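Engineer: This is the structure I want to talk about, given as structure tokens.
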Amino acid sequence: MNCKIVQDLLPLYHDGVCSQESRAAVEEHLAGCGTCRQLLADMDAPLPEAEEKKTEEDAAVVERIAREWRRLWRRTLLTGVAVVLVLCLGGFVFWCSVTQCTVPMDSGDYAYLNTCVLESGEICVEAGLNRACRNLISYESDEPGIWHLRILRPLLRLNIFLGAAEKMFPFDLVMVRWKFDPRDFSSDEAGSVYFGEGEDAILLWSEEDGYAVPAATETEEAYWNDWSPGHVF
């Protein structure tokens with residue numbers, strides 16, 4: 001059987017649809033013909049169009065995976081940035097609540113209160129606070145001529161930001177002291193100075209009736225004259 005006939009039968013042989021006699025004849029020819037064997041081998045090679053299509057499909061899969069990865073990376077980055085911003089904002093709010101935002105202490109925060117007036121006319125106030133947290137002194141007027149001496153505390157009752165000197169007081173009770181001249185608060189209208197506010201406010205001085213606190217003893221006079229202005233934790 002010559003090559004021309006065998007090459008016509010090769011597609012049928014390759015697909016397994018030729019008769020047994022034709023298969024035997026083709027195989028006998030292929031045993032001695034390298035050209036026909038190569039033609040048969042080429043039938044198993046993918047077509048150029050199919051190979052190109054497979055390459056395009058593979059490239060599309062790679063691009064889709066890369067696109068999904070970039071989208072996931074952007075989402076992760078934005079989520080991380082949002083979490084960091086929320087944590088920073090929460091930390092800032094917490095810090096402000098502990099150190100910056102203050103509210104007046106109520107009467108339940110005072111352990112005791114002593115007052116006296118010196119010969120100089122200055123009023124001295126000594127109070128014990130039952131919570132060792134950072135505190136500030138505030139003179140505020142809610143209405144013309146009416147002043148209130150108030151102790152302010154942080155919005156949150158925490159002492160984590162106390163200084164080294166303040167931490168020397170390991171007890172719940174801490175001392176605070178003030179010395180001031182109430183006449184500095186006088187005005188054209190009848191003025192008065194209270195300690196605290198509301199129903200628990202204690203009148204210290206009024207422009208109409210004068211001092212509402214007892215005169216200092218000799219011991220108190222000596223103590224307060226040596227005491228530096230300000231307050232002590």
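Each chain in the structure tokens gets a letter, A, B, ..., in the order shown, and its residues are numbered from 1; ligands are numbered from 1 in order too.
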Residues at most 10 Å from Cys36 of chain A, counting only C-alpha atoms, excluding those fewer than 2 positions away in the same chain, as JSON, numbers by chain?
Structural biologist: {"A": [3, 4, 6, 7, 10, 26, 29, 30, 31, 32, 33, 34, 38, 39, 40, 41, 42]}
Engineer: Would you output that residue set with C-alpha atoms, as a PDB file, in the first residue's frame?
Structural biologist:
```
ATOM      1  CA  CYS A   3       1.686   6.504   1.079  1.00  0.00           C
ATOM      2  CA  LYS A   4      -1.110   8.304  -0.766  1.00  0.00           C
ATOM      3  CA  VAL A   6      -2.377   5.320   3.669  1.00  0.00           C
ATOM      4  CA  GLN A   7      -2.586   9.101   4.143  1.00  0.00           C
ATOM      5  CA  LEU A  10      -4.976   7.974   8.404  1.00  0.00           C
ATOM      6  CA  VAL A  26      -2.088   0.968   7.678  1.00  0.00           C
ATOM      7  CA  HIS A  29       2.763   0.571   6.245  1.00  0.00           C
ATOM      8  CA  LEU A  30       3.459   2.783   9.279  1.00  0.00           C
ATOM      9  CA  ALA A  31       6.023   0.270  10.527  1.00  0.00           C
ATOM     10  CA  GLY A  32       8.242   1.087   7.569  1.00  0.00           C
ATOM     11  CA  CYS A  33       7.266   4.708   6.704  1.00  0.00           C
ATOM     12  CA  GLY A  34       8.486   7.547   8.905  1.00  0.00           C
ATOM     13  CA  GLN A  38       4.868  11.777  11.533  1.00  0.00           C
ATOM     14  CA  LEU A  39       1.572  12.695   9.860  1.00  0.00           C
ATOM     15  CA  LEU A  40      -0.251  10.467  12.349  1.00  0.00           C
ATOM     16  CA  ALA A  41       1.611  12.078  15.253  1.00  0.00           C
ATOM     17  CA  ASP A  42       0.740  15.552  13.978  1.00  0.00           C
TER      18      ASP A  42
END
```
Engineer: Hey, can you check how far atom CA of Ala82 of chain A sits from atom CA of Pro154 of chain A?
Structural biologist: 28.4 Å
